[in-house]
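This is data_1.txt (compact mmCIF, C-alpha atoms and all ligand atoms).
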```txt
# COMPACT_ATOMS: atom_id res chain seq x y z
CA MET A 15 -21.07 23.01 4.86
CA ARG A 16 -23.38 20.13 3.99
CA ILE A 17 -22.64 16.55 3.00
CA HIS A 18 -25.18 14.11 1.58
CA ASP A 19 -25.79 11.35 4.14
CA SER A 20 -26.51 7.97 2.51
CA PHE A 21 -28.37 6.82 5.64
CA SER A 22 -30.97 9.60 5.90
CA ARG A 23 -30.66 10.40 2.17
CA GLU A 24 -30.55 14.07 3.19
CA PRO A 25 -27.83 16.71 3.31
CA VAL A 26 -26.40 17.00 6.82
CA GLU A 27 -24.60 20.06 8.20
CA LEU A 28 -20.95 19.61 9.24
CA PRO A 29 -19.56 21.27 12.37
CA ALA A 30 -18.52 24.87 11.76
CA PRO A 31 -14.78 25.57 12.09
CA PRO A 32 -12.90 24.95 14.31
CA GLY A 33 -15.20 22.02 15.17
CA LYS A 34 -13.66 18.57 15.18
CA ILE A 35 -14.45 16.20 12.30
CA ARG A 36 -13.60 12.55 12.90
CA LEU A 37 -13.49 10.61 9.62
CA TYR A 38 -13.18 6.85 9.20
CA VAL A 39 -12.77 5.50 5.67
CA CYS A 40 -12.68 1.82 4.67
CA GLY A 41 -9.31 1.10 3.13
CA VAL A 42 -7.93 -1.74 1.05
CA THR A 43 -7.60 -5.49 1.39
CA PRO A 44 -4.01 -5.90 0.18
CA TYR A 45 -4.06 -9.03 -1.99
CA ASP A 46 -3.57 -7.55 -5.47
CA VAL A 47 -2.42 -4.39 -7.27
CA PRO A 48 -4.57 -1.32 -6.57
CA HIS A 49 -7.19 -0.46 -9.20
CA LEU A 50 -8.80 2.80 -10.32
CA GLY A 51 -11.54 2.52 -7.70
CA HIS A 52 -8.88 2.54 -4.97
CA ALA A 53 -7.29 5.57 -6.60
CA ARG A 54 -10.60 7.44 -6.67
CA ALA A 55 -11.44 6.81 -3.01
CA ALA A 56 -7.93 7.82 -1.94
CA VAL A 57 -7.98 11.05 -3.98
CA VAL A 58 -11.54 12.03 -3.02
CA PHE A 59 -10.96 11.67 0.72
CA ASP A 60 -7.52 13.26 0.53
CA ALA A 61 -8.95 16.33 -1.23
CA PHE A 62 -11.88 16.34 1.21
CA THR A 63 -9.65 16.35 4.31
CA ARG A 64 -7.43 19.06 2.77
CA TRP A 65 -10.49 21.22 2.26
CA LEU A 66 -11.86 20.60 5.77
CA ARG A 67 -8.50 21.59 7.25
CA ARG A 68 -8.32 24.66 5.02
CA ARG A 69 -11.74 25.81 6.18
CA GLY A 70 -10.49 25.49 9.76
CA ASN A 71 -11.89 22.22 11.08
CA GLU A 72 -9.80 19.96 13.25
CA VAL A 73 -9.71 16.67 11.32
CA VAL A 74 -8.83 13.14 12.41
CA TYR A 75 -8.63 10.89 9.34
CA ILE A 76 -8.41 7.12 9.81
CA ARG A 77 -8.22 4.62 6.96
CA ASN A 78 -7.86 0.94 7.84
CA ILE A 79 -5.99 -1.88 6.13
CA THR A 80 -7.70 -5.30 6.04
CA ASP A 81 -4.48 -7.28 6.28
CA ILE A 82 -6.11 -10.66 6.93
CA ASP A 83 -9.02 -11.90 4.85
CA ASP A 84 -10.25 -14.84 2.73
CA LYS A 85 -8.95 -13.14 -0.40
CA ILE A 86 -5.44 -12.88 1.04
CA ILE A 87 -5.47 -16.52 2.08
CA ASP A 88 -6.78 -17.64 -1.33
CA ARG A 89 -4.28 -15.53 -3.26
CA SER A 90 -1.30 -16.72 -1.23
CA ALA A 91 -2.43 -20.34 -1.75
CA ALA A 92 -2.65 -19.68 -5.50
CA LEU A 93 0.87 -18.21 -5.47
CA ARG A 94 2.13 -21.25 -3.57
CA ASP A 95 0.47 -23.58 -6.11
CA ALA A 96 2.19 -21.65 -8.90
CA GLY A 97 5.55 -22.19 -7.24
CA ALA A 98 5.91 -18.54 -6.10
CA ASN A 99 6.39 -17.14 -2.59
CA GLY A 100 3.08 -18.01 -0.94
CA ASP A 101 3.75 -16.35 2.41
CA TRP A 102 0.63 -14.31 3.15
CA ARG A 103 2.52 -11.67 5.14
CA ALA A 104 4.93 -11.12 2.24
CA LEU A 105 1.96 -10.74 -0.12
CA VAL A 106 0.32 -8.23 2.22
CA GLU A 107 3.47 -6.13 2.61
CA ARG A 108 4.07 -6.09 -1.13
CA CYS A 109 0.50 -4.97 -1.86
CA ILE A 110 0.53 -2.31 0.88
CA ASP A 111 3.77 -0.94 -0.60
CA GLU A 112 2.17 -0.73 -4.03
CA TYR A 113 -0.91 0.97 -2.63
CA THR A 114 1.18 3.50 -0.72
CA ARG A 115 3.30 4.19 -3.79
CA MET A 116 0.12 4.82 -5.80
CA THR A 117 -1.44 7.18 -3.25
CA THR A 118 1.84 9.09 -2.90
CA THR A 119 2.15 9.41 -6.68
CA LEU A 120 -1.38 10.80 -6.79
CA GLY A 121 -0.45 13.48 -4.26
CA CYS A 122 -2.37 12.01 -1.32
CA ALA A 123 -1.06 12.73 2.16
CA PRO A 124 -1.11 9.70 4.47
CA PRO A 125 -4.15 9.52 6.79
CA ASP A 126 -3.52 10.30 10.46
CA ARG A 127 -3.62 6.59 11.16
CA GLU A 128 -3.70 3.44 9.05
CA PRO A 129 -4.65 0.74 11.55
CA ARG A 130 -4.26 -2.89 10.53
CA VAL A 131 -6.61 -5.68 11.54
CA THR A 132 -3.79 -7.96 12.71
CA GLU A 133 -2.68 -5.28 15.18
CA HIS A 134 -6.18 -4.95 16.70
CA VAL A 135 -7.21 -8.53 17.37
CA PRO A 136 -7.66 -7.90 21.16
CA GLN A 137 -10.05 -4.98 20.48
CA ILE A 138 -11.95 -7.12 17.98
CA ILE A 139 -12.28 -10.02 20.46
CA ASP A 140 -13.48 -7.56 23.14
CA LEU A 141 -16.20 -6.24 20.87
CA ILE A 142 -17.32 -9.76 19.92
CA GLN A 143 -17.48 -10.69 23.62
CA THR A 144 -19.68 -7.68 24.29
CA LEU A 145 -22.02 -8.78 21.48
CA VAL A 146 -22.15 -12.36 22.78
CA ALA A 147 -22.86 -11.14 26.33
CA GLY A 148 -25.63 -8.87 25.02
CA GLY A 149 -27.33 -11.73 23.17
CA HIS A 150 -26.53 -10.32 19.69
CA ALA A 151 -23.98 -13.00 18.78
CA TYR A 152 -23.42 -16.70 19.41
CA ALA A 153 -20.52 -19.15 19.16
CA SER A 154 -20.94 -22.22 17.00
CA GLY A 155 -18.33 -24.71 15.82
CA GLY A 156 -15.41 -22.48 16.87
CA SER A 157 -16.81 -19.48 14.95
CA VAL A 158 -18.96 -16.62 16.22
CA TYR A 159 -21.92 -15.21 14.28
CA PHE A 160 -23.90 -12.01 14.55
CA ALA A 161 -27.61 -12.75 15.00
CA VAL A 162 -29.09 -10.31 12.49
CA ARG A 163 -32.67 -10.62 13.75
CA THR A 164 -31.63 -9.30 17.19
CA PHE A 165 -30.90 -5.89 15.63
CA GLU A 166 -34.26 -4.52 14.67
CA PRO A 167 -33.13 -1.64 12.37
CA TYR A 168 -31.04 -3.97 10.18
CA GLY A 169 -31.29 -2.99 6.50
CA ARG A 170 -32.00 0.75 6.97
CA LEU A 171 -28.81 2.00 5.30
CA SER A 172 -29.14 -0.14 2.19
CA GLY A 173 -32.93 0.00 2.09
CA ARG A 174 -33.28 -3.77 2.30
CA ARG A 175 -35.85 -5.69 4.31
CA VAL A 176 -34.74 -8.66 6.36
CA ASP A 177 -37.39 -10.90 4.83
CA GLU A 178 -36.16 -10.09 1.32
CA LEU A 179 -32.61 -10.87 2.37
CA VAL A 180 -33.45 -14.40 3.48
CA ALA A 181 -34.16 -15.37 -0.12
CA GLY A 182 -30.72 -14.20 -1.22
CA ALA A 183 -28.77 -15.78 1.64
CA ALA A 184 -28.96 -19.40 0.57
CA GLU A 185 -25.26 -19.65 -0.38
CA ALA A 186 -24.28 -20.21 3.22
CA ALA A 187 -24.58 -23.99 3.17
CA GLY A 188 -22.14 -25.84 5.42
CA ASP A 189 -21.77 -23.01 7.96
CA ASP A 190 -22.76 -23.39 11.58
CA LYS A 191 -25.17 -20.47 11.48
CA LYS A 192 -28.56 -20.61 13.18
CA ASP A 193 -30.04 -18.31 10.56
CA LEU A 194 -28.99 -17.83 6.93
CA LEU A 195 -28.94 -14.07 7.47
CA ASP A 196 -26.28 -14.21 10.19
CA PHE A 197 -22.71 -13.30 9.35
CA ALA A 198 -19.35 -14.30 10.83
CA LEU A 199 -17.64 -12.13 13.45
CA TRP A 200 -14.96 -14.73 14.11
CA LYS A 201 -13.95 -17.55 11.79
CA ALA A 202 -12.57 -20.82 13.18
CA ALA A 203 -9.17 -21.58 11.62
CA LYS A 204 -8.99 -24.31 9.02
CA PRO A 205 -5.78 -26.37 9.00
CA GLY A 206 -2.81 -24.35 7.78
CA GLU A 207 -4.58 -20.98 7.94
CA PRO A 208 -3.17 -18.03 9.87
CA SER A 209 -4.89 -17.83 13.27
CA TRP A 210 -5.03 -16.04 16.61
CA ASP A 211 -6.08 -17.43 19.99
CA SER A 212 -9.54 -16.49 21.20
CA PRO A 213 -12.10 -17.61 23.80
CA TRP A 214 -13.66 -19.68 20.97
CA GLY A 215 -10.44 -21.34 19.86
CA PRO A 216 -7.91 -20.41 17.17
CA GLY A 217 -9.34 -18.31 14.34
CA ARG A 218 -9.40 -14.89 12.75
CA PRO A 219 -11.75 -11.91 12.55
CA GLY A 220 -14.56 -11.78 9.99
CA TRP A 221 -14.37 -8.89 7.53
CA HIS A 222 -16.97 -6.51 8.96
CA ILE A 223 -16.14 -6.53 12.68
CA GLU A 224 -12.66 -5.02 12.17
CA CYS A 225 -14.03 -1.67 11.01
CA SER A 226 -16.46 -1.43 13.92
CA ALA A 227 -13.70 -2.32 16.38
CA MET A 228 -11.10 0.07 14.96
CA ALA A 229 -13.50 2.97 14.38
CA LEU A 230 -14.84 2.69 17.94
CA HIS A 231 -11.32 2.24 19.35
CA TYR A 232 -9.88 5.35 17.69
CA LEU A 233 -12.93 7.59 17.34
CA GLY A 234 -15.63 6.39 19.78
CA SER A 235 -19.37 6.27 19.03
CA GLY A 236 -21.05 9.10 17.18
CA PHE A 237 -18.07 10.23 15.11
CA GLU A 238 -18.87 12.68 12.34
CA ILE A 239 -18.31 10.81 9.05
CA HIS A 240 -17.88 7.24 7.90
CA GLY A 241 -16.74 7.05 4.28
CA GLY A 242 -16.15 4.45 1.62
CA GLY A 243 -17.13 3.33 -1.86
CA ASN A 244 -20.74 2.79 -2.84
CA ASP A 245 -20.11 -0.92 -3.24
CA LEU A 246 -19.51 -1.23 0.51
CA ILE A 247 -23.02 -0.12 1.55
CA PHE A 248 -24.24 -3.71 1.59
CA PRO A 249 -23.37 -5.83 3.37
CA HIS A 250 -20.21 -4.23 4.83
CA HIS A 251 -21.55 -0.94 6.15
CA GLU A 252 -24.94 -2.37 7.02
CA ASN A 253 -23.11 -4.92 9.18
CA GLU A 254 -20.84 -2.28 10.70
CA ILE A 255 -23.91 -0.38 11.91
CA ALA A 256 -25.51 -3.53 13.33
CA GLN A 257 -22.38 -4.66 15.23
CA SER A 258 -21.47 -1.23 16.55
CA GLU A 259 -24.91 -0.08 17.60
CA ALA A 260 -25.91 -3.45 19.08
CA ALA A 261 -22.73 -3.36 21.21
CA THR A 262 -22.80 0.28 22.35
CA GLY A 263 -26.51 1.14 22.22
CA GLU A 264 -25.39 4.43 20.64
CA ARG A 265 -25.43 5.84 17.14
CA PHE A 266 -22.29 4.68 15.31
CA THR A 267 -21.68 7.64 12.97
CA LYS A 268 -23.53 10.85 12.05
CA ILE A 269 -22.95 10.83 8.27
CA TRP A 270 -22.38 8.01 5.78
CA MET A 271 -20.43 9.47 2.85
CA HIS A 272 -20.11 7.21 -0.19
CA ASN A 273 -18.13 7.84 -3.34
CA GLY A 274 -19.36 6.58 -6.72
CA LEU A 275 -17.70 3.72 -8.54
CA ILE A 276 -15.68 3.59 -11.73
CA THR A 277 -16.81 1.39 -14.57
CA LEU A 278 -14.32 0.43 -17.24
CA GLN A 279 -15.82 0.58 -20.71
CA ASP A 280 -12.60 0.15 -22.62
CA ARG A 281 -11.05 -2.63 -20.56
CA LYS A 282 -11.06 -5.02 -23.51
CA MET A 283 -9.64 -2.49 -25.92
CA SER A 284 -6.85 -1.53 -23.56
CA LYS A 285 -5.86 -5.13 -23.06
CA SER A 286 -5.62 -5.69 -26.80
CA GLU A 287 -3.39 -2.60 -27.05
CA GLY A 288 -1.21 -4.03 -24.32
CA ASN A 289 -2.08 -1.24 -21.91
CA THR A 290 -3.26 -1.79 -18.38
CA LEU A 291 -5.65 0.48 -16.57
CA GLN A 292 -3.73 0.28 -13.32
CA PRO A 293 -3.46 3.74 -11.77
CA SER A 294 0.35 3.62 -11.73
CA ASP A 295 0.44 2.86 -15.49
CA LEU A 296 -2.16 5.52 -16.28
CA ALA A 297 -0.16 8.03 -14.23
CA ALA A 298 2.99 7.09 -16.13
CA ARG A 299 1.24 7.54 -19.49
CA HIS A 300 -0.70 10.73 -18.76
CA GLY A 301 0.89 12.23 -15.66
CA ALA A 302 -0.14 11.74 -12.05
CA ALA A 303 -1.45 15.31 -11.85
CA THR A 304 -3.72 14.61 -14.84
CA LEU A 305 -5.17 11.52 -13.16
CA ARG A 306 -5.78 13.35 -9.90
CA PHE A 307 -7.41 16.24 -11.75
CA TYR A 308 -9.56 13.83 -13.77
CA LEU A 309 -10.80 12.05 -10.64
CA LEU A 310 -11.71 15.35 -8.97
CA ASN A 311 -13.38 16.76 -12.06
CA ALA A 312 -16.43 14.60 -11.32
CA HIS A 313 -18.71 14.98 -8.31
CA TYR A 314 -17.57 12.37 -5.78
CA ARG A 315 -21.00 10.70 -5.74
CA SER A 316 -21.29 10.38 -9.53
CA PRO A 317 -20.26 7.16 -11.20
CA ILE A 318 -17.35 7.54 -13.63
CA ASP A 319 -17.52 5.65 -16.87
CA PHE A 320 -13.80 5.46 -17.53
CA HIS A 321 -12.32 5.72 -20.96
CA GLU A 322 -8.68 6.55 -21.53
CA ASP A 323 -9.59 9.31 -23.99
CA ARG A 324 -11.13 11.20 -21.10
CA LEU A 325 -7.64 11.37 -19.55
CA ARG A 326 -6.33 12.95 -22.74
CA ASP A 327 -9.14 15.52 -22.48
CA ALA A 328 -8.21 16.15 -18.86
CA LYS A 329 -4.63 16.76 -19.92
CA SER A 330 -5.69 19.37 -22.49
CA ALA A 331 -7.88 21.00 -19.88
CA LEU A 332 -4.93 21.21 -17.49
CA GLU A 333 -2.79 22.72 -20.26
CA ARG A 334 -5.27 25.55 -20.57
CA PHE A 335 -4.36 26.56 -17.01
CA ALA A 336 -0.66 26.17 -17.71
CA THR A 337 -0.75 28.55 -20.70
CA LEU A 338 -1.99 31.43 -18.55
CA ILE A 339 1.07 33.63 -18.65
CA VAL A 340 1.78 35.54 -15.49
CA SER A 341 4.24 38.37 -15.00
CA ASP A 342 6.66 38.78 -12.12
CA ASP A 343 4.59 41.64 -10.69
CA LYS A 344 2.90 41.14 -7.36
CA PRO A 345 -0.76 40.35 -8.08
CA VAL A 346 -3.39 42.70 -6.70
CA ALA A 347 -6.68 41.05 -5.80
CA THR A 348 -9.75 42.57 -7.40
CA GLU A 349 -13.48 42.22 -6.96
CA SER A 350 -13.57 39.60 -9.71
CA THR A 351 -10.72 37.51 -8.30
CA ARG A 352 -12.35 37.56 -4.88
CA ARG A 353 -15.46 36.17 -6.56
CA ILE A 354 -13.43 33.27 -8.03
CA GLY A 355 -12.45 32.23 -4.51
CA GLU A 356 -15.98 32.70 -3.16
CA ASP A 357 -17.67 30.68 -5.92
CA PHE A 358 -15.06 27.96 -5.65
CA ARG A 359 -15.56 27.64 -1.89
CA ALA A 360 -19.35 27.77 -2.20
CA ALA A 361 -19.23 24.75 -4.53
CA LEU A 362 -17.16 22.77 -2.02
CA GLU A 363 -19.45 23.76 0.85
CA ASP A 364 -22.33 22.26 -1.14
CA ASP A 365 -21.72 18.51 -0.79
CA PHE A 366 -18.05 18.88 -1.79
CA ASN A 367 -18.90 19.58 -5.41
CA THR A 368 -15.38 19.55 -6.88
CA ALA A 369 -16.78 19.35 -10.43
CA ARG A 370 -18.56 22.70 -10.00
CA ALA A 371 -15.58 24.17 -8.15
CA LEU A 372 -13.22 23.31 -11.01
CA GLY A 373 -15.80 24.67 -13.46
CA VAL A 374 -15.45 28.04 -11.69
CA LEU A 375 -11.71 27.92 -12.35
CA PHE A 376 -12.20 27.03 -16.04
CA GLU A 377 -14.40 30.08 -16.47
CA ALA A 378 -11.83 32.19 -14.65
CA VAL A 379 -8.97 31.11 -16.92
CA LYS A 380 -11.09 31.82 -20.01
CA GLU A 381 -11.85 35.32 -18.74
CA ALA A 382 -8.26 35.92 -17.70
CA ASN A 383 -6.90 35.12 -21.15
CA LYS A 384 -9.05 37.94 -22.54
CA SER A 385 -7.87 40.44 -19.92
CA ASP A 386 -4.84 42.65 -19.41
CA GLN A 387 -1.70 41.46 -17.64
CA ALA A 388 -2.63 42.84 -14.19
CA ALA A 389 -6.00 41.08 -14.29
CA ARG A 390 -4.31 37.90 -15.54
CA ASP A 391 -1.85 37.99 -12.67
CA ALA A 392 -4.63 38.47 -10.14
CA ALA A 393 -6.74 35.67 -11.62
CA ALA A 394 -3.71 33.35 -11.76
CA ALA A 395 -3.03 33.94 -8.06
CA ALA A 396 -6.67 33.15 -7.19
CA ILE A 397 -6.76 30.04 -9.38
CA ARG A 398 -3.46 28.82 -7.97
CA GLU A 399 -4.71 29.19 -4.40
CA CYS A 400 -7.98 27.37 -5.16
CA GLY A 401 -6.12 24.53 -6.89
CA GLU A 402 -3.85 24.09 -3.89
CA ILE A 403 -6.90 23.54 -1.69
CA LEU A 404 -7.62 20.34 -3.66
CA GLY A 405 -3.95 19.38 -3.93
CA LEU A 406 -3.78 20.46 -7.60
CA ASP A 407 -0.85 22.47 -8.91
CA LEU A 408 -2.85 24.22 -11.65
CA ILE A 409 -0.57 27.17 -12.28
CA PRO A 410 2.93 26.34 -11.16
CA ALA A 411 4.62 29.31 -9.55
CA ARG A 412 7.33 30.34 -11.98
CA SER A 413 8.51 33.47 -13.65
CA ALA A 414 7.04 34.61 -16.95
CA ASP A 415 10.41 34.02 -18.66
CA ALA A 416 10.56 30.42 -17.48
CA GLU A 417 6.99 29.99 -18.67
CA ILE A 418 7.81 31.27 -22.16
CA ASP A 419 10.92 29.06 -22.27
CA ARG A 420 8.72 26.09 -21.43
CA LEU A 421 6.25 26.88 -24.22
CA VAL A 422 9.08 27.37 -26.72
CA GLU A 423 10.42 23.94 -25.72
CA GLU A 424 6.98 22.46 -26.08
CA ARG A 425 6.64 23.98 -29.57
CA LEU A 426 9.99 22.48 -30.60
CA ALA A 427 8.90 19.08 -29.30
CA ALA A 428 5.67 19.38 -31.27
CA LYS A 429 7.63 20.22 -34.43
CA ARG A 430 9.94 17.27 -33.90
CA ALA A 431 6.88 15.06 -33.53
CA ARG A 432 5.56 16.63 -36.78
CA ASP A 433 2.56 17.94 -34.86
CA PHE A 434 2.61 21.21 -36.81
CA SER A 435 -0.86 22.35 -35.87
CA ARG A 436 0.13 22.22 -32.18
CA ALA A 437 3.40 24.04 -32.91
CA ASP A 438 1.54 26.76 -34.82
CA ALA A 439 -1.03 27.09 -32.06
CA ILE A 440 1.71 27.74 -29.51
CA ARG A 441 3.41 30.30 -31.76
CA LYS A 442 0.08 32.05 -32.33
CA ALA A 443 -0.79 32.04 -28.62
CA LEU A 444 2.58 33.58 -27.79
CA SER A 445 2.34 36.23 -30.48
CA GLU A 446 -1.11 37.24 -29.24
CA ARG A 447 0.51 37.88 -25.88
CA GLY A 448 3.26 39.96 -27.45
CA PHE A 449 6.10 37.46 -27.79
CA ILE A 450 7.91 37.01 -31.12
CA LEU A 451 9.68 33.72 -31.87
CA GLU A 452 12.75 33.66 -34.08
CA ASP A 453 13.84 30.29 -35.42
CA SER A 454 17.43 29.85 -36.55
CA ALA A 455 19.98 27.08 -36.97
CA GLN A 456 21.05 27.65 -33.36
CA GLY A 457 17.51 27.08 -32.08
CA THR A 458 14.60 29.32 -31.21
CA ARG A 459 14.90 32.67 -29.40
CA TRP A 460 12.07 34.83 -28.24
CA ARG A 461 11.68 38.55 -27.59
CA ARG A 462 8.93 40.91 -26.52
CA SER A 463 7.39 42.71 -29.47
ZN ZN B 501 -14.86 -1.09 6.52
```

The structure in this file should be written as structure tokens.
Amino acid sequence: MRIHDSFSREPVELPAPPGKIRLYVCGVTPYDVPHLGHARAAVVFDAFTRWLRRRGNEVVYIRNITDIDDKIIDRSAALRDAGANGDWRALVERCIDEYTRMTTTLGCAPPDREPRVTEHVPQIIDLIQTLVAGGHAYASGGSVYFAVRTFEPYGRLSGRRVDELVAGAAEAAGDDKKDLLDFALWKAAKPGEPSWDSPWGPGRPGWHIECSAMALHYLGSGFEIHGGGNDLIFPHHENEIAQSEAATGERFTKIWMHNGLITLQDRKMSKSEGNTLQPSDLAARHGAATLRFYLLNAHYRSPIDFHEDRLRDAKSALERFATLIVSDDKPVATESTRRIGEDFRAALEDDFNTARALGVLFEAVKEANKSDQAARDAAAAAIRECGEILGLDLIPARSADAEIDRLVEERLAAKRARDFSRADAIRKALSERGFILEDSAQGTRWRRS
């Protein structure tokens, strides 16, 4: 299996099963409600780890929580000013709860570990001391800065040249840096800010150093994959490489795997309709399974230009799977159902192309609806198994009778909503499969023709 590496810009081969795959993914800074970008990263890496485990790799999946940061401090101060509870720890716990509720709703299993910055301050201080001792960092005014020019390969991941960066780094006025390019590893505490003791006085970790410290602590140098959103490439991941490799003298990670971002085209429109685009609200309106399916129906590296209508499309697409009527007979795999599984897996082996993999299943359901019952049963079993690999319940396991009952219910609901074209479509679909509906004052009964 190959994954596109953002560093080399080439596909890189993953260890064959049962080889170990250590994965570190940058998690959230809990200062606000989670947005769609958080949902995408969580779903992509959840589906990815499910697939790696299914193909037989041993996986260690770590996703950190940045539970102390400027944004948290600013937000808690704003809450305090507004007369609300401004305790930063309370804010953090509330936001972590919301994030966890969202990922659970979207069917994501928890990572193997979710380390928090505030629980790893000693490891962070150790790493900073190593950098200071090695001449890659210096203390100044109670803070510690990384000296970017001491790390010659700086800029390779993001394709930036140090000289170009100088021009853009002028915002740093007032800091105690020796060079505008340098970034904080440790920030001296301002009055009233949360702080920890350190050899440089009370302060807190800078943003970037935490990921280096926690990744190295749990996974060591040279772990297989470091993941995160595209927006983290610069400066966050560039700085992670610099800190980690300057400290250890070893390669930090073998593959940088970045997911594409989500742009919101209809943000304005949704606001005027009183809708929010928070994942939990979208899941409530369209179903959590629909949202998960929608997020996986794009290649993880592609940007998604979000529009709520696309979720409605995703829901109709999912319904196409759900109308595949299976019998209670035990399915017998055939040459064509084996091919469904093979094509599906081949797409995932090729840079985790979930869009292509789901395309295979769409084709399969189209074919199956034209086939006899035995072929339908076999295709349904194959599609169900493939869906499970990505954490999608495409064809819920249920008896044919329960399935017909469900469609009859759905037709009644459509009639009540005066959606007669939908009601007729369901009746027609059922009659094509040999089921006759009989409406009466007592309700609707069905029989086999
Ligand atoms: Zn990170």

Counting all atoms listed in the file, the option among A:Leu50, A:Ile247, A:Ile450, A:Ile17 closest to ligand ZN 501 (chain B) | A:Ile247

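For the set A:Glu207, A:Leu37, A:Lys442, A:Arg315, the residue with the smallest atom-to-atom gap to Asp365 (chain A) is A:Arg315, counting only C-alpha atoms.
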
Please extract the residues at most 7 Å from ligand ZN 501 (chain B), counting all atoms listed in the file, and provide them as a PDB file with C-alpha atoms, in the frame of the given file, using the chain letters and residue numbers of this document.
```pdb
ATOM      1  CA  VAL A  39     -12.770   5.500   5.670  1.00  0.00           C
ATOM      2  CA  CYS A  40     -12.680   1.820   4.670  1.00  0.00           C
ATOM      3  CA  GLY A  41      -9.310   1.100   3.130  1.00  0.00           C
ATOM      4  CA  HIS A 222     -16.970  -6.510   8.960  1.00  0.00           C
ATOM      5  CA  CYS A 225     -14.030  -1.670  11.010  1.00  0.00           C
ATOM      6  CA  HIS A 250     -20.210  -4.230   4.830  1.00  0.00           C
ATOM      7  CA  HIS A 251     -21.550  -0.940   6.150  1.00  0.00           C
TER       8      HIS A 251
END
```

Distance in Å - CA of Thr43 (chain A) versus CA of Pro213 (chain A) |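 CA of Pro213 (chain A) lies at a distance of 25.9 Å from CA of Thr43 (chain A).
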
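With distances restricted to only C-alpha atoms, A:Asp126 is the closest residue to Thr63 (chain A) from A:Glu264, A:Asp126, A:Asp95, A:Asp111.
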
Could you give me region 119-129 of chain A completed to N, CA, C and O atoms, formatted as a JSON list (two decimals), keeping the file's coordinate frame?
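Listing of rebuild10.json after writing:
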```json
[["chain", "number", "residue", "atom", "x", "y", "z"],
["A", 119, "THR", "N", 2.05, 8.89, -5.31],
["A", 119, "THR", "CA", 2.15, 9.41, -6.68],
["A", 119, "THR", "C", 1.00, 10.35, -7.00],
["A", 119, "THR", "O", 1.17, 11.37, -7.65],
["A", 120, "LEU", "N", -0.20, 9.99, -6.51],
["A", 120, "LEU", "CA", -1.38, 10.80, -6.79],
["A", 120, "LEU", "C", -1.50, 12.01, -5.86],
["A", 120, "LEU", "O", -2.52, 12.69, -5.86],
["A", 121, "GLY", "N", -0.47, 12.26, -5.08],
["A", 121, "GLY", "CA", -0.45, 13.48, -4.26],
["A", 121, "GLY", "C", -1.30, 13.39, -3.00],
["A", 121, "GLY", "O", -1.71, 14.41, -2.46],
["A", 122, "CYS", "N", -1.57, 12.17, -2.53],
["A", 122, "CYS", "CA", -2.37, 12.01, -1.32],
["A", 122, "CYS", "C", -1.46, 11.98, -0.09],
["A", 122, "CYS", "O", -0.50, 11.20, -0.07],
["A", 123, "ALA", "N", -1.79, 12.79, 0.90],
["A", 123, "ALA", "CA", -1.06, 12.73, 2.16],
["A", 123, "ALA", "C", -1.51, 11.48, 2.91],
["A", 123, "ALA", "O", -2.65, 11.04, 2.75],
["A", 124, "PRO", "N", -0.65, 10.87, 3.72],
["A", 124, "PRO", "CA", -1.11, 9.70, 4.47],
["A", 124, "PRO", "C", -2.19, 10.11, 5.48],
["A", 124, "PRO", "O", -2.16, 11.22, 5.98],
["A", 125, "PRO", "N", -3.16, 9.21, 5.75],
["A", 125, "PRO", "CA", -4.15, 9.52, 6.79],
["A", 125, "PRO", "C", -3.44, 9.66, 8.14],
["A", 125, "PRO", "O", -2.26, 9.30, 8.26],
["A", 126, "ASP", "N", -4.16, 10.15, 9.14],
["A", 126, "ASP", "CA", -3.52, 10.30, 10.46],
["A", 126, "ASP", "C", -3.14, 8.95, 11.04],
["A", 126, "ASP", "O", -2.17, 8.83, 11.76],
["A", 127, "ARG", "N", -3.94, 7.95, 10.73],
["A", 127, "ARG", "CA", -3.62, 6.59, 11.16],
["A", 127, "ARG", "C", -4.07, 5.61, 10.10],
["A", 127, "ARG", "O", -5.10, 5.83, 9.47],
["A", 128, "GLU", "N", -3.30, 4.52, 9.95],
["A", 128, "GLU", "CA", -3.70, 3.44, 9.05],
["A", 128, "GLU", "C", -3.67, 2.14, 9.84],
["A", 128, "GLU", "O", -2.75, 1.33, 9.70],
["A", 129, "PRO", "N", -4.66, 1.93, 10.69],
["A", 129, "PRO", "CA", -4.65, 0.74, 11.55],
["A", 129, "PRO", "C", -4.85, -0.54, 10.75],
["A", 129, "PRO", "O", -5.60, -0.56, 9.78]]
```
